[in-house]
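Only one structure is covered here, and it is reproduced in the block below.
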Amino acid sequence: MPNHATPDDATSDHAAPERAPYHPALIATAVALPVALLVGVLVAAGIVLRGPVEHEPLALGPVPAPAADGPACSALLPALPAEFGEFTRSTLVEPAPAATAAWQRPDGGEAVVLRCGLDRPLEFNRASPLQVVNGVQWFEVRDDTAATATWFAVDRETYIALTVPDDSGPTPLQAVSDTITAHLPAQPLDPGELPN
């Protein structure tokens with residue numbers, strides 16, 4: 001005789017099981033994971049914001065620098081600081097001029113540019129006013145149109161030019177002077193003749 005189930009039997013066999021409460025460890029994990037993820041994202045954002053700023057490569061035109069491959073520039077360039085206050089070292093567009101370095105602010109703008117191995121500046125003569133900064137004698141050439149000054153170190157084996165925006169403050173000139181003093185011995189001045 002076939003076994004016939006009654007409607008009461010069917011409902012009793014398929015009744016919804018009673019739900020067990022979640023284990024406390026599972027609840028703690030469900031709460032901790034999103035919190036940990038949020039903290040991780042905030043920490044990563046902080047590291048990225050405080051990390052070194054990557055600038056677009058800076059394009060610099062060539063200038064005559066007959067001593068750029070000489071021993072003075074070879075000693076000076078690797079010793080230059082990576083930053084001057086808010087200015088950080090920039091990558092230069094290749095082919096970059098020999099014995100040249102540049103620094104920019106995080107938001108870009110005018111760069112601080114150093115060139116080593118240059119010829120004596122045409123404006124530098126026996127009557128030129130000089131300024132001594134941290135043991136280096138500098139001769140200044142202003143460019144009011146560009147709001148920059150180019151300072152030439154005139155008492156070393158080769159001429160070194162540092163072009164700075166007017167709003168850069170004294171830090172670049174002081175830091176480069178310290179580096180020059182530490183790595184290149186002073187030499188007698190060799191100014192040009194007075195203009196007629």
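Every chain in the structure tokens has a letter given in the order shown (A, B, ...), and although residue numbers restart at 1 in each chain, ligands are simply numbered from 1 in the order shown.
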Would you list the contacts of Leu114 of chain A as a PDB file with all heavy atoms, in the first residue's frame, taking every protein, DNA or RNA residue within 9 Å and counting only C-alpha atoms, but skipping same-chain residues closer than 2 positions in sequence?
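The new file around_39.pdb reads:
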ATOM      1  N   ALA A  99      75.908  69.128 -18.008  1.00  0.00           N
ATOM      2  CA  ALA A  99      76.215  69.807 -16.740  1.00  0.00           C
ATOM      3  C   ALA A  99      75.135  70.815 -16.349  1.00  0.00           C
ATOM      4  O   ALA A  99      75.420  71.947 -15.978  1.00  0.00           O
ATOM      5  CB  ALA A  99      77.585  70.472 -16.809  1.00  0.00           C
ATOM      6  N   THR A 100      73.891  70.388 -16.445  1.00  0.00           N
ATOM      7  CA  THR A 100      72.750  71.246 -16.137  1.00  0.00           C
ATOM      8  C   THR A 100      71.839  70.534 -15.151  1.00  0.00           C
ATOM      9  O   THR A 100      71.658  69.327 -15.228  1.00  0.00           O
ATOM     10  CB  THR A 100      71.960  71.578 -17.415  1.00  0.00           C
ATOM     11  OG1 THR A 100      72.851  72.202 -18.347  1.00  0.00           O
ATOM     12  CG2 THR A 100      70.807  72.517 -17.145  1.00  0.00           C
ATOM     13  N   ALA A 101      71.273  71.288 -14.218  1.00  0.00           N
ATOM     14  CA  ALA A 101      70.302  70.741 -13.261  1.00  0.00           C
ATOM     15  C   ALA A 101      69.213  71.785 -13.055  1.00  0.00           C
ATOM     16  O   ALA A 101      69.437  72.984 -13.256  1.00  0.00           O
ATOM     17  CB  ALA A 101      70.969  70.408 -11.932  1.00  0.00           C
ATOM     18  N   ALA A 102      68.020  71.333 -12.649  1.00  0.00           N
ATOM     19  CA  ALA A 102      66.899  72.258 -12.427  1.00  0.00           C
ATOM     20  C   ALA A 102      66.043  71.761 -11.272  1.00  0.00           C
ATOM     21  O   ALA A 102      65.999  70.567 -10.973  1.00  0.00           O
ATOM     22  CB  ALA A 102      66.061  72.395 -13.691  1.00  0.00           C
ATOM     23  N   TRP A 103      65.370  72.713 -10.643  1.00  0.00           N
ATOM     24  CA  TRP A 103      64.461  72.438  -9.532  1.00  0.00           C
ATOM     25  C   TRP A 103      63.193  73.256  -9.744  1.00  0.00           C
ATOM     26  O   TRP A 103      63.245  74.387 -10.232  1.00  0.00           O
ATOM     27  CB  TRP A 103      65.096  72.857  -8.206  1.00  0.00           C
ATOM     28  CG  TRP A 103      66.347  72.125  -7.863  1.00  0.00           C
ATOM     29  CD1 TRP A 103      66.472  71.083  -6.982  1.00  0.00           C
ATOM     30  CD2 TRP A 103      67.673  72.383  -8.348  1.00  0.00           C
ATOM     31  NE1 TRP A 103      67.780  70.671  -6.913  1.00  0.00           N
ATOM     32  CE2 TRP A 103      68.536  71.446  -7.747  1.00  0.00           C
ATOM     33  CE3 TRP A 103      68.207  73.289  -9.252  1.00  0.00           C
ATOM     34  CZ2 TRP A 103      69.904  71.408  -8.006  1.00  0.00           C
ATOM     35  CZ3 TRP A 103      69.566  73.256  -9.515  1.00  0.00           C
ATOM     36  CH2 TRP A 103      70.409  72.321  -8.888  1.00  0.00           C
ATOM     37  N   VAL A 112      64.391  76.908 -10.935  1.00  0.00           N
ATOM     38  CA  VAL A 112      65.762  77.278 -10.588  1.00  0.00           C
ATOM     39  C   VAL A 112      66.644  76.406 -11.475  1.00  0.00           C
ATOM     40  O   VAL A 112      66.463  75.189 -11.521  1.00  0.00           O
ATOM     41  CB  VAL A 112      66.055  76.997  -9.096  1.00  0.00           C
ATOM     42  CG1 VAL A 112      67.530  77.192  -8.790  1.00  0.00           C
ATOM     43  CG2 VAL A 112      65.196  77.879  -8.206  1.00  0.00           C
ATOM     44  N   CYS A 116      76.761  74.516 -15.493  1.00  0.00           N
ATOM     45  CA  CYS A 116      78.175  74.501 -15.126  1.00  0.00           C
ATOM     46  C   CYS A 116      79.022  74.417 -16.381  1.00  0.00           C
ATOM     47  O   CYS A 116      78.600  73.833 -17.389  1.00  0.00           O
ATOM     48  CB  CYS A 116      78.442  73.293 -14.211  1.00  0.00           C
ATOM     49  SG  CYS A 116      80.124  73.200 -13.571  1.00  0.00           S
ATOM     50  N   ILE A 160      79.948  79.038 -13.249  1.00  0.00           N
ATOM     51  CA  ILE A 160      78.712  78.335 -12.902  1.00  0.00           C
ATOM     52  C   ILE A 160      77.619  79.382 -12.823  1.00  0.00           C
ATOM     53  O   ILE A 160      77.784  80.415 -12.166  1.00  0.00           O
ATOM     54  CB  ILE A 160      78.854  77.620 -11.539  1.00  0.00           C
ATOM     55  CG1 ILE A 160      80.016  76.622 -11.603  1.00  0.00           C
ATOM     56  CG2 ILE A 160      77.554  76.932 -11.136  1.00  0.00           C
ATOM     57  CD1 ILE A 160      80.604  76.285 -10.254  1.00  0.00           C
ATOM     58  N   ALA A 161      76.509  79.131 -13.508  1.00  0.00           N
ATOM     59  CA  ALA A 161      75.386  80.071 -13.505  1.00  0.00           C
ATOM     60  C   ALA A 161      74.211  79.442 -12.759  1.00  0.00           C
ATOM     61  O   ALA A 161      73.880  78.283 -12.969  1.00  0.00           O
ATOM     62  CB  ALA A 161      74.977  80.419 -14.930  1.00  0.00           C
ATOM     63  N   LEU A 162      73.589  80.241 -11.904  1.00  0.00           N
ATOM     64  CA  LEU A 162      72.382  79.817 -11.199  1.00  0.00           C
ATOM     65  C   LEU A 162      71.302  80.848 -11.497  1.00  0.00           C
ATOM     66  O   LEU A 162      71.400  82.001 -11.073  1.00  0.00           O
ATOM     67  CB  LEU A 162      72.626  79.727  -9.688  1.00  0.00           C
ATOM     68  CG  LEU A 162      71.446  79.206  -8.881  1.00  0.00           C
ATOM     69  CD1 LEU A 162      71.198  77.722  -9.162  1.00  0.00           C
ATOM     70  CD2 LEU A 162      71.670  79.419  -7.387  1.00  0.00           C
ATOM     71  N   THR A 163      70.280  80.446 -12.253  1.00  0.00           N
ATOM     72  CA  THR A 163      69.165  81.332 -12.584  1.00  0.00           C
ATOM     73  C   THR A 163      68.024  81.054 -11.627  1.00  0.00           C
ATOM     74  O   THR A 163      67.594  79.909 -11.482  1.00  0.00           O
ATOM     75  CB  THR A 163      68.712  81.120 -14.040  1.00  0.00           C
ATOM     76  OG1 THR A 163      69.834  81.356 -14.899  1.00  0.00           O
ATOM     77  CG2 THR A 163      67.576  82.068 -14.411  1.00  0.00           C
ATOM     78  N   VAL A 164      67.551  82.113 -10.957  1.00  0.00           N
ATOM     79  CA  VAL A 164      66.507  81.952  -9.935  1.00  0.00           C
ATOM     80  C   VAL A 164      65.375  82.945 -10.187  1.00  0.00           C
ATOM     81  O   VAL A 164      65.613  84.093 -10.573  1.00  0.00           O
ATOM     82  CB  VAL A 164      67.077  82.161  -8.508  1.00  0.00           C
ATOM     83  CG1 VAL A 164      68.070  81.074  -8.154  1.00  0.00           C
ATOM     84  CG2 VAL A 164      67.724  83.523  -8.359  1.00  0.00           C
ATOM     85  N   VAL A 176      73.576  76.296  -3.085  1.00  0.00           N
ATOM     86  CA  VAL A 176      74.547  76.060  -4.154  1.00  0.00           C
ATOM     87  C   VAL A 176      75.918  76.597  -3.740  1.00  0.00           C
ATOM     88  O   VAL A 176      76.948  75.965  -4.012  1.00  0.00           O
ATOM     89  CB  VAL A 176      74.063  76.666  -5.485  1.00  0.00           C
ATOM     90  CG1 VAL A 176      75.163  76.655  -6.534  1.00  0.00           C
ATOM     91  CG2 VAL A 176      72.848  75.895  -5.993  1.00  0.00           C
TER      92      VAL A 176
END
Problem set entry | Selection near Pro195 of chain A, 10 Å with only C-alpha atoms, sequence-local residues under 2 positions removed, as an NGL selection string | :A and (123 or 125-127 or 192-193)
Those same residues - N, CA, C and O atoms - I'd like them written as a CSV table (one decimal), in the first residue's frame.
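Below is the file part-v5.csv, written as the result:
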chain,number,residue,atom,x,y,z
A,123,GLU,N,79.2,90.4,-19.5
A,123,GLU,CA,79.1,91.6,-18.7
A,123,GLU,C,80.1,91.6,-17.5
A,123,GLU,O,80.2,92.6,-16.9
A,125,ASN,N,83.3,92.3,-15.8
A,125,ASN,CA,84.6,93.0,-16.1
A,125,ASN,C,85.2,93.4,-14.7
A,125,ASN,O,84.6,93.2,-13.7
A,126,ARG,N,86.3,94.1,-14.8
A,126,ARG,CA,87.0,94.6,-13.6
A,126,ARG,C,86.2,95.5,-12.7
A,126,ARG,O,86.4,95.6,-11.5
A,127,ALA,N,85.2,96.1,-13.3
A,127,ALA,CA,84.4,97.1,-12.5
A,127,ALA,C,83.1,96.4,-12.0
A,127,ALA,O,82.3,97.1,-11.3
A,192,GLY,N,86.8,90.4,-17.4
A,192,GLY,CA,87.1,90.9,-18.7
A,192,GLY,C,87.5,92.4,-18.6
A,192,GLY,O,87.5,93.0,-17.5
A,193,GLU,N,88.0,93.0,-19.7
A,193,GLU,CA,88.4,94.3,-19.7
A,193,GLU,C,87.2,95.3,-19.6
A,193,GLU,O,86.1,94.9,-19.9
Exercise. Expressed in Å to a single decimal, how great is the separation between atom CA of Asp178 of chain A and atom CA of Pro71 of chain A?
Worked result: 18.2 Å
For this session: Measuring atom to atom with only C-alpha atoms, identify which of A:Gly85, A:Pro64, A:Gly70, A:Gly109 is nearest to Ala175 of chain A.
Result: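 Answer, going by the shortest atom-to-atom distance: A:Gly85.
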Problem set entry | Residues flagged alpha helix (DSSP H) by DSSP in segment 149-178 of chain A, as a PyMOL selection string | chain A and resi 171-178
Just to be explicit: take each residue in the selection above, keep C-alpha atoms, and write the result as a JSON list (two decimals), in the first residue's frame.
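Saved file part_13.json follows:
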[["chain", "number", "residue", "atom", "x", "y", "z"],
["A", 171, "THR", "CA", 67.86, 79.43, -0.19],
["A", 172, "PRO", "CA", 68.92, 78.24, -3.68],
["A", 173, "LEU", "CA", 71.89, 80.64, -3.83],
["A", 174, "GLN", "CA", 72.98, 79.75, -0.29],
["A", 175, "ALA", "CA", 72.67, 75.98, -0.84],
["A", 176, "VAL", "CA", 74.55, 76.06, -4.15],
["A", 177, "SER", "CA", 77.24, 78.27, -2.57],
["A", 178, "ASP", "CA", 77.70, 75.71, 0.20]]
Exercise. Where does DSSP see strand (DSSP E) in segment 65-134 of chain A, if you list the residues as a PyMOL selection string?
Worked result: chain A and resi 83-84+87-89+100-105+108-118+131-133
Store the residues picked out above, limited to N, CA and C atoms, as a CSV table (one decimal), in the first residue's frame.
chain,number,residue,atom,x,y,z
A,83,GLU,N,66.7,69.2,-3.1
A,83,GLU,CA,65.7,70.2,-3.0
A,83,GLU,C,66.3,71.5,-2.3
A,84,PHE,N,65.6,72.6,-2.6
A,84,PHE,CA,65.9,73.9,-2.0
A,84,PHE,C,64.6,74.4,-1.4
A,87,PHE,N,61.4,73.9,-3.6
A,87,PHE,CA,61.9,73.5,-4.9
A,87,PHE,C,62.5,72.1,-4.9
A,88,THR,N,62.0,71.2,-5.7
A,88,THR,CA,62.6,69.9,-5.8
A,88,THR,C,63.2,69.6,-7.2
A,89,ARG,N,64.1,68.7,-7.2
A,89,ARG,CA,64.9,68.4,-8.4
A,89,ARG,C,63.9,68.0,-9.6
A,100,THR,N,73.9,70.4,-16.4
A,100,THR,CA,72.8,71.2,-16.1
A,100,THR,C,71.8,70.5,-15.2
A,101,ALA,N,71.3,71.3,-14.2
A,101,ALA,CA,70.3,70.7,-13.3
A,101,ALA,C,69.2,71.8,-13.1
A,102,ALA,N,68.0,71.3,-12.6
A,102,ALA,CA,66.9,72.3,-12.4
A,102,ALA,C,66.0,71.8,-11.3
A,103,TRP,N,65.4,72.7,-10.6
A,103,TRP,CA,64.5,72.4,-9.5
A,103,TRP,C,63.2,73.3,-9.7
A,104,GLN,N,62.0,72.7,-9.4
A,104,GLN,CA,60.8,73.4,-9.5
A,104,GLN,C,59.9,73.2,-8.2
A,105,ARG,N,59.0,74.1,-8.1
A,105,ARG,CA,58.0,74.0,-7.0
A,105,ARG,C,57.0,73.0,-7.4
A,108,GLY,N,54.8,73.8,-10.3
A,108,GLY,CA,55.5,74.2,-11.5
A,108,GLY,C,55.9,75.6,-11.4
A,109,GLY,N,55.7,76.4,-12.4
A,109,GLY,CA,56.2,77.8,-12.4
A,109,GLY,C,57.6,77.9,-12.8
A,110,GLU,N,58.2,79.0,-12.6
A,110,GLU,CA,59.6,79.2,-13.0
A,110,GLU,C,60.6,78.3,-12.3
A,111,ALA,N,61.5,77.7,-13.0
A,111,ALA,CA,62.4,76.8,-12.3
A,111,ALA,C,63.7,77.5,-11.9
A,112,VAL,N,64.4,76.9,-10.9
A,112,VAL,CA,65.8,77.3,-10.6
A,112,VAL,C,66.6,76.4,-11.5
A,113,VAL,N,67.6,77.0,-12.2
A,113,VAL,CA,68.4,76.3,-13.2
A,113,VAL,C,69.9,76.6,-12.9
A,114,LEU,N,70.6,75.5,-12.8
A,114,LEU,CA,72.1,75.6,-12.7
A,114,LEU,C,72.8,75.0,-13.9
A,115,ARG,N,73.7,75.8,-14.4
A,115,ARG,CA,74.5,75.4,-15.6
A,115,ARG,C,76.0,75.5,-15.2
A,116,CYS,N,76.8,74.5,-15.5
A,116,CYS,CA,78.2,74.5,-15.1
A,116,CYS,C,79.0,74.4,-16.4
A,117,GLY,N,80.2,75.0,-16.3
A,117,GLY,CA,81.2,74.9,-17.4
A,117,GLY,C,81.0,76.0,-18.5
A,118,LEU,N,80.5,77.1,-18.1
A,118,LEU,CA,80.2,78.2,-19.0
A,118,LEU,C,81.4,79.0,-19.3
A,131,GLN,N,79.1,89.9,-5.1
A,131,GLN,CA,78.5,89.6,-3.8
A,131,GLN,C,79.1,88.2,-3.3
A,132,VAL,N,79.5,88.2,-2.1
A,132,VAL,CA,80.1,86.9,-1.5
A,132,VAL,C,79.0,86.2,-0.7
A,133,VAL,N,78.7,85.0,-1.1
A,133,VAL,CA,77.7,84.2,-0.4
A,133,VAL,C,78.3,82.9,0.0
For this session: Kindly give the distance, in Å, that separates atom CA of Pro121 of chain A and atom CA of Cys73 of chain A, rounded to a single decimal.
Result: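 Value for the atom CA of Pro121 of chain A-atom CA of Cys73 of chain A distance: 17.2 Å.
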Could you list, as a tab-separated table (two decimals) with N, CA and C atoms, in the first residue's frame, every residue within 9 Å of His183 of chain A, counting only C-alpha atoms and ignoring same-chain residues fewer than 5 positions away?
chain	number	residue	atom	x	y	z
A	72	ALA	N	85.58	69.98	-12.82
A	72	ALA	CA	84.83	70.82	-11.87
A	72	ALA	C	83.35	70.47	-11.91
A	75	ALA	N	82.53	67.05	-10.49
A	75	ALA	CA	82.52	67.02	-9.02
A	75	ALA	C	81.29	67.71	-8.45
A	76	LEU	N	80.85	68.77	-9.11
A	76	LEU	CA	79.75	69.57	-8.57
A	76	LEU	C	78.37	68.94	-8.76
A	79	ALA	N	76.88	66.37	-6.38
A	79	ALA	CA	76.80	66.84	-4.99
A	79	ALA	C	75.66	67.82	-4.74
A	178	ASP	N	77.14	76.70	-0.73
A	178	ASP	CA	77.70	75.71	0.20
A	178	ASP	C	78.28	74.52	-0.57
Exercise. Using only C-alpha atoms, which residue out of A:Gly61, A:Pro188, A:Pro165, A:Gly135 lies closest to Leu92 of chain A?
Worked result: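 Counting only C-alpha atoms, the residue closest to Leu92 of chain A is A:Gly61.
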